[in-house]
Each structure stands twice: as structure tokens, then as C-alpha cells.
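**Student:** Attaching a single structure in C-alpha cells format; questions to follow.
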Amino acid sequence: MATKSIEEPDVGISCYISNLHGFRGILKQRYSDFIVNEVDRDEQVVHLTSLDPPAEEPKSVEENGTKASESTIIDYSSQIESFKSLAGDSDAARLEDLINQINSGGDDSVPPIVLSPDYDKSHRTAIHNFFKENLKFLVTDVVDGPDASSKCIRVRSKSDKGRNSKKRKERGGKPFDSRGSEDWPENVGKFLRFNLYKENKDTQEALGVIGNMLSVQPRSFGFAGTKDKRAVTTQRVTVYKKQASKLASLNKRLIGIKVGDFSYVNEGLLLGQLWGNRFTITLRGIVSDTEDTIKASADALGKHGFINYFGLQRFGSGSVPTHLIGAALLRGEWEVAVDLILDPRDGERSAIAKARKYYKDSDDVEGTLKQLPRFLVAERAVLQSLKKSPGNYQQALKSIPRTLRMMYVHSYQSYLWNHAASMRVQKYGTEQVVLGDLVYSKEIPNGKVMELVEPECVDDCSATYDNNNNEDEVSGDFHEEKNSNVKVVTSEILNSGCYTIDDVILPMPGSRVIYPTNDIAKVYQDLANKDGISLTESVHNIKEFSITSMTGGYRKVFQKPINFEWELLTYTDCNKPLAETDLDKIRKSVGAPNGKSEEASDCLKQLESSDDGAKVESSGNGEKIESSDDGAKVEPDVTEIADAEGTVPQDGSVSGSSSQDSQIALKLSLTLPASCYATMAIRELLKTSTSVAYQKTLN
């Protein structure tokens, strides 16, 4: 098994476009240094502009569940903090989820939680007493732990009458409110669309919190793409049959999350339904030999762009790259794939590492499930399936939500594509089209370029939810039309001068793609053969785990940033944000004439205790995208980036050494089509690796 985090060359990332020297810069010193706003299919940048529900709500809408007044909800954050010191972070998180669900009005349907195994009876007694003294609406008892010497404390609401309650029987044993209210007026769209603003949380985590408060399942939410965790992001989300006022009321209790700009629509969002993302990225602590070096690099990025690699986040953040799991699936090695998903790996939190080791040593499925955090969706799905059908590894893999299990195979396709792109640059350069290249035909009606949008995962892929029931993001007709518009560059086409280096594309392997007729095609075949994988034949009959059953697609080799702006800033306070977020803009408007409601003002005051600090106003970004290309996502959690040799220039360079000294920051604003990685643009700018291991050597 892999025991170290992956490096860029491991997944084919090895070239740059320009030969300019890089410079040192710190990326994501603060999460507000990385701001992402989704760009919808109409090429409009998505912003959070209002926290208020619509002036008139549908009057006939009735939500399922208890309609408790918001004024009766008590804040238990101090009790949860006290419990954290007694029982630890993971159990405190479970308790917080339980209280949030009860607060949202689903007492009778909220399942009990089971705390971590506890071998110390006196410690268990202390926990029992804590609930009796601090959380009297909850009751505790003891259940057997994963082994004979341990016990687990179970916590439930006093109103919980168990699994055989009358309401549960009336629902036929189904979970509470799985898809929203059944009573919904015909003249109102069945989906509530809202803008989700989040700070330092990934998309699934934020929607999980909201879902718990609303007592709805994750599949009730729809979104076009996942957004980075260590960032401030805004994106569109839909939820099935929920009132805007219900969601707006959550803002008072949500920390680091806000929802707003509500409207009712007839269709929910699906993965891939976006144009791209607008990034505002601040690189702090810039160190360079001269200011001219910084300016030359920034100008070169805007003029020439970057190699459109799939970033490291495409391959997972752990020591077991997702493309290795994908390769095992393509070979039909089901047990190997399960082991790769479940086995211990470097760099994980101690509780997760302990649970993985426990399973590897004991094969105790039920005991492992008790220890494994709920956000590890793939691992828990596999174990739940193995619990029902021991040894049926194929079924266990198919129990993983589809968007996640397909990501493993897409990761392997990306692995092949990256290597092919590097070979294209190494062999033929970055300046001109050559014989045998692939391009989109410019004879397409109305000149619209089409490109496959693959669902992508920005953060740890274990956290991805199956957020809708859609099985195919792109129809077969779309694939056939798109693929038929790809042509091989011949001598005649080359001499016509109609195509430039920006038009060159490479295939994502599949049954309906063609390959370049030059030496680059051999890269795909050689790598696949080395991994024991055939690109033309399937060794098993599970279609979704076979490249020959996938249509495939194409991706531009080079990408230029759109509406690219940059500026050098000086600062002395490292804790002072250098760019303005959507929430900052709302905060400025509160109290002004025609400003926000009193409720919105209260929500903003509540958030300030967890805010990222005082803000400064930045220049505005263009809201309308002027050009389009392919199509969605965001980037990894990179911390510090230095020059390519890992050295820091000495005195006389453009830099600063302490919070009191004047330091330089480079602020970038750019738009990228979907599936393009902003970190690959930063990599081209600074000429540095984005791997976690490399970043750690710089701190």
C-alpha cells in the first residue's frame, strides 16, 4: 500500500509553459485569501446579496415536522464545548448534530447517538452525570462496545419512544421527511433555490449541517459542483419542497455558513450544471529578487495561460491516490479496491487511523462502524454492505454513492490525460499545432465548442454525497455530437493556419473518442498496459467500472485565465484580510438606507464572533464572462509555496520578515471554466509544487 502523499510527477504533472523564474508566496495563509464564486450557465457570477426570504411566501405550503417557534430554541454551544473537554471532538460533534436535529422539530424521528467505546466506568459515570446536570432533555443508557471489555453510552431525546413509535409505523419504517413536504401548491416551483455562502467548510459538510437542522436527507439537495474547504465560497444549491423562511431562520444558528437569495424553481440542480468559477486569490509574503520578476510572471500567466492539468486534489488528499483505486476497479480486482479504500493511510486524524487499524487487525465490521466518522461515506457504505453480505466485495463497491464510486474511475482517466499532456509539451512544445494533434472543428454550427464535464471532487473524496438521483450528467446524443466534431490535424489543416496551440485537445479515454495520430497516443497505451488495463477490451461485465463502456471526452491542453486582473499590495498586519467577501458587502449595507432587515443584521452580528477578521475593500470584478470554453471546480488545500528550489532569497529581495514590517501580497482575480484547477494556474505563476509533502518542508 502507498505510505506517502502523492507528488505531482506521480500523476503526470511535470511541465510549465514559460521559462520564467518563479518566486515565493504563501497561498491560503488565511482561508479568506481564497475566494470562489460559482459562475452559472448564463455566465453570471453567483453572489450572496441578501439573507432575507421573499416578501411573500407560498401561503398554502405546510412543512412536515413540529413548527416550534424560533424564540424557544436555546443555544447549547457552551454545553457542547464543556462536553468536548470531557468526551473529545468526535463525540461532541455527534452531540451537536443530535441537538440540531431536535431543535429543528424532529424529536420523534431523531435517532439516538452512540458515543465512542469507553473502558473506564468512572468516566462513563461522569458523562451520565453531565447529561443529568446540563442537558436534561436528553437521557443516557449503556450498550455493549466493540469488544467484551468496553461499553458505549447511548444518548437520545426524552421524547424518543424508540423504533416502534406510532409515527414510525405510520411511515412504514421510513426515515422522517426524506424528500420534503407532500403538501405543496401547484403554482410554486417544487425546488427552493438559494445561494450557499460558506467559510472554511466543504460543500458536503455545510449541506450536512443544514440537512440535519431541516431533518432532510442529503439527496434532497442539488448542486452543480463541490467547492474547496479552506476558502470562502458562494454557490447555488436547490432543495426539494422547503420554504425559504425556514432556511432563512437557520442563519441565526449557522456558524461559518449563510444562505440567501431565495427563489422557487421547477428543477433541481445537477452536477456539472455550471459554466465555471470566479477566483479571488491573495498570495501573501511575496519574496522575489525584483518586483519586475513578479510582474513578468503575472503578465505571462495572463497572456499564455497554464497547462490544464488535473490538480492533485483530483487524486485525493490521502496517501492512497484515488486513481489506484480506479485502476483496481478497471481490472476487476474488487477485494483489492476495497482494501485500498479501507486500509490505514498516512496523514489522517488519530480517530480515523485507529478505526482503520482496528478493522485491518480484527475484521470486526460492526465495531469499526461504531468508530468510523459519518463523513467517511465510502468507507461506511462498504462496511455496511459487508456487514449484510460478508465477502461480497463487488456489491460492497456498488453500495458507494454513484458520484463517488465513478470518481475513482474518472481519476484514472485523469491520470492518463495528465501524462499525455506532459508528453505533448515535452515533445512538441507550447507554441504551435503539429501534425496528428486533435482539435475541435471550427465548422461547428454557430461556433460553439462543446466539452465533456466530469463530476469532480475538490476535497477529500470520502466526503462526497450522492446528491441526486440522476445517473447520467450528459446524454448519449451530446457525446456523439461532441465527439463527431473532433478532427485530426492533417497537412492541409496545418497549412490553412486556422488553428492555434489554444485549440489543441487530448482525449479522456473511452469507447467513442479518437486519439492523436502522433506519438502522444502511445502514452495512453503504454501506461494502461503497465497497469494491466486494456483501453479496448473489458475483463469483467460491470459496465460502470469499464473504460470500454464509458463514452469518454476531450479536454483542452492549455487554458488561459478569463477576465484576468492582478495587483501588488503592501500590508503590515498578517491578520487583516486583503479582499472583500460577499458577507462583507452585506455587512456594509446593513443599517444603510434601503439596507437589510433587522433579522439579517442579527445574523451578521452573530457571525462576527467566528469571522476571519476585519476586511478591506477590494476592486470589483467583472460580473459577466466575456468568453466561454469548457466547463467546473475548485482547488486543494495548499498552505505555503516557495521558489522551485525551496530557498528564500536573502536581504535586498522584495519581502518582509515580521508582522510589523511592510510585506507584499499579490492579489489575482480570474475566471476559469469548469473542471479547471486554479492551483495549476498558481503553480505556473510561482513554478512550485502543490503537493502537501512539499508544502510541509517550507514551514
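Labels for the C-alpha cells follow display order: chains A, B, ..., residues from 1 in each chain, ligands from 1.
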Which neighbours of segment 561-565 of chain A fall inside 7 Å, counting only C-alpha atoms, when residues of the same chain fewer than 6 positions from it are skipped, and could you give them as a list in words?

**Tutor:**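 Contacts, with the query itself left out: Gly302, Gly305, Leu668, Ser669, Leu670, Thr671 and Leu672 of chain A.
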
**Student:** Residues at most 10 Å from Val259 of chain A, counting only C-alpha atoms, excluding those fewer than 2 positions away in the same chain, as a PyMOL selection string?

**Tutor:** chain A and resi 48-53+194-198+210+234-237+244+247-251+254+257+261-262

**Student:** Go ahead and compute the interatomic distance for atom CA of Asn541 of chain A and atom CA of Pro401 of chain A, in Å to one decimal.

**Tutor:**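 It comes out at 19.6 Å.
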
**Student:** If I take atom CA of Val434 of chain A and atom CA of Val504 of chain A, how far is one from the other in Å, to one decimal?

**Tutor:** 9.2 Å

**Student:** Would you list the contacts of Tyr264 of chain A as a PyMOL selection string, taking every protein, DNA or RNA residue within 6 Å and counting only C-alpha atoms, but skipping same-chain residues closer than 6 positions in sequence?

**Tutor:** chain A and resi 189+191-193

**Student:** For the selection you just gave me, I'd like the residues written to a file as a PDB file, in the first residue's frame, keeping all heavy atoms.

**Tutor:**
```
ATOM      1  N   GLY A 189     -42.807  26.559  -7.795  1.00  0.00           N
ATOM      2  CA  GLY A 189     -41.767  25.597  -8.148  1.00  0.00           C
ATOM      3  C   GLY A 189     -41.462  24.669  -6.984  1.00  0.00           C
ATOM      4  O   GLY A 189     -41.425  25.088  -5.823  1.00  0.00           O
ATOM      5  N   PHE A 191     -38.773  23.243  -6.154  1.00  0.00           N
ATOM      6  CA  PHE A 191     -37.424  23.345  -5.599  1.00  0.00           C
ATOM      7  C   PHE A 191     -37.165  24.770  -5.118  1.00  0.00           C
ATOM      8  O   PHE A 191     -37.452  25.734  -5.829  1.00  0.00           O
ATOM      9  CB  PHE A 191     -36.372  22.962  -6.642  1.00  0.00           C
ATOM     10  CG  PHE A 191     -36.399  21.511  -7.016  1.00  0.00           C
ATOM     11  CD1 PHE A 191     -37.218  21.056  -8.030  1.00  0.00           C
ATOM     12  CD2 PHE A 191     -35.613  20.588  -6.341  1.00  0.00           C
ATOM     13  CE1 PHE A 191     -37.251  19.723  -8.382  1.00  0.00           C
ATOM     14  CE2 PHE A 191     -35.632  19.249  -6.680  1.00  0.00           C
ATOM     15  CZ  PHE A 191     -36.459  18.813  -7.703  1.00  0.00           C
ATOM     16  N   LEU A 192     -36.649  24.875  -3.915  1.00  0.00           N
ATOM     17  CA  LEU A 192     -36.189  26.162  -3.404  1.00  0.00           C
ATOM     18  C   LEU A 192     -34.728  26.321  -3.806  1.00  0.00           C
ATOM     19  O   LEU A 192     -33.886  25.496  -3.439  1.00  0.00           O
ATOM     20  CB  LEU A 192     -36.326  26.223  -1.886  1.00  0.00           C
ATOM     21  CG  LEU A 192     -35.715  27.465  -1.220  1.00  0.00           C
ATOM     22  CD1 LEU A 192     -36.444  28.728  -1.656  1.00  0.00           C
ATOM     23  CD2 LEU A 192     -35.731  27.323   0.304  1.00  0.00           C
ATOM     24  N   ARG A 193     -34.434  27.356  -4.573  1.00  0.00           N
ATOM     25  CA  ARG A 193     -33.048  27.633  -4.952  1.00  0.00           C
ATOM     26  C   ARG A 193     -32.506  28.724  -4.045  1.00  0.00           C
ATOM     27  O   ARG A 193     -33.184  29.710  -3.766  1.00  0.00           O
ATOM     28  CB  ARG A 193     -32.963  28.076  -6.408  1.00  0.00           C
ATOM     29  CG  ARG A 193     -31.524  28.201  -6.926  1.00  0.00           C
ATOM     30  CD  ARG A 193     -31.501  28.553  -8.384  1.00  0.00           C
ATOM     31  NE  ARG A 193     -31.938  29.923  -8.625  1.00  0.00           N
ATOM     32  CZ  ARG A 193     -32.109  30.445  -9.835  1.00  0.00           C
ATOM     33  NH1 ARG A 193     -31.912  29.704 -10.914  1.00  0.00           N
ATOM     34  NH2 ARG A 193     -32.508  31.701  -9.973  1.00  0.00           N
TER      35      ARG A 193
END
```
